[in-house]
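These notes are about the structure you will find just below.
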Amino acid sequence: LPLVLKRAYERAMLQVKVSHLEERINSRFSFSSIIGRTKKISEAVEYAKKVAPTDTTVLLLGETGTGKELFAQSIHNANKRRNMPFIAINCSAIPKDLQESELFGYKKGAFTGAVNDKKGYFEEAGGGTIFLDEVGDMSMETQAKLLRVIENKTYTRVGDSKERSLDIRIIAATNQDLEKLIEDGRFRKDLFYRLNTFTIKLPSLRDRAD
């Protein structure tokens with residue numbers, strides 16, 4: 001009996017610690033933590049609050065340092081998915097020839113070095129939200145798979161023929177002009193329209209010196 005009570009106490013204390021940690025994270029990544037009192041930043045926050053409870057794909061536009069990831073995390077925390085994973089990916093930090101396997105995973109034997117099946121970031125974020133920062137640096141092959149995820153909620157691992165379903169919310173961001181990338185043949189027009197469902201433009205820090 002003392003052993004059972006000890007385990008029950010330890011489990012209860014662990015749940016309390018987890019609860020406190022979640023509160024700290026949610027308070028750090030919330031709309032109230034976004035700095036700025038100008039009209040533009042206030043409007044951006046209000047737009048984000050409106051779209052947050054939905055599962056709508058969101059595109060965040062803004063220069064480096066304007067708080068795109070903070071906005072994405074705040075949108076996630078204001079959604080029913082808040083207790084599910086939030087995974088942030090910087091597409092520009094992943095070599096283009098590795099993006100597809102890193103984001104969607106791969107099957108054993110798909111290429112040299114693939115000694116085991118591996119989950120991708122999308123699968124790891126299942127049920128939650130994936131934040132694709134610098135989406136303009138995504139390879140054309142990966143863009144095609146991303147389009148399929150948005151349209152059909154399905155994807156396949158590299159080297160696999162099995163189609164897998166995926167329940168996920170996508171928030172993308174970029175500091176580039178995607179329409180210019182489309183003209184240059186570096187970004188898919190159909191993907192742009194899918195990502196552009198709900199767009200929030202974040203003002204530069206020059207416009208929010210306060």
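In the structure tokens, chains take letters A, B, ... by order of appearance, with residues numbered from 1 within each chain and ligands from 1 in the order shown.
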Query raised in the report: Do you know which residues are at most 10 Å from Gly120 of chain A counting only C-alpha atoms, after dropping those on the same chain fewer than 6 positions away, and could you put them as a PyMOL selection string?
Result: chain A and resi 99-106+157-158
Requested in this report: Compare A:Gly136, A:Pro203, A:Gly67, A:Gly126 by their minimum atom-to-atom distance to Arg164 of chain A, counting only C-alpha atoms, and give me the closest one.
Outcome: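 Using only C-alpha atoms, Arg164 of chain A sits closest to A:Gly126.
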Query raised in the report: segment 22-150 of chain A: which residues are helix (DSSP H, G or I) by DSSP, as a VMD selection string?
Result: chain A and resid 22 to 28 31 to 33 39 to 51 68 to 77 80 to 83 91 to 93 96 to 104 121 to 124 135 to 137 140 to 150
Query raised in the report: Smallest atom-to-atom distance to Ile34 of chain A: which of A:Lys201, A:Arg11, A:Lys68, A:Arg148, using only C-alpha atoms?
Result: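 Ranking A:Lys201, A:Arg11, A:Lys68, A:Arg148 by distance to Ile34 of chain A, first place goes to A:Lys68.
Atom pair atom CA of Thr129 of chain A / atom CA of Ser42 of chain A: separated by 23.7 Å.
Taking atom CA of Asp55 of chain A as the reference point, atom CA of Arg169 of chain A is found at 5.9 Å.
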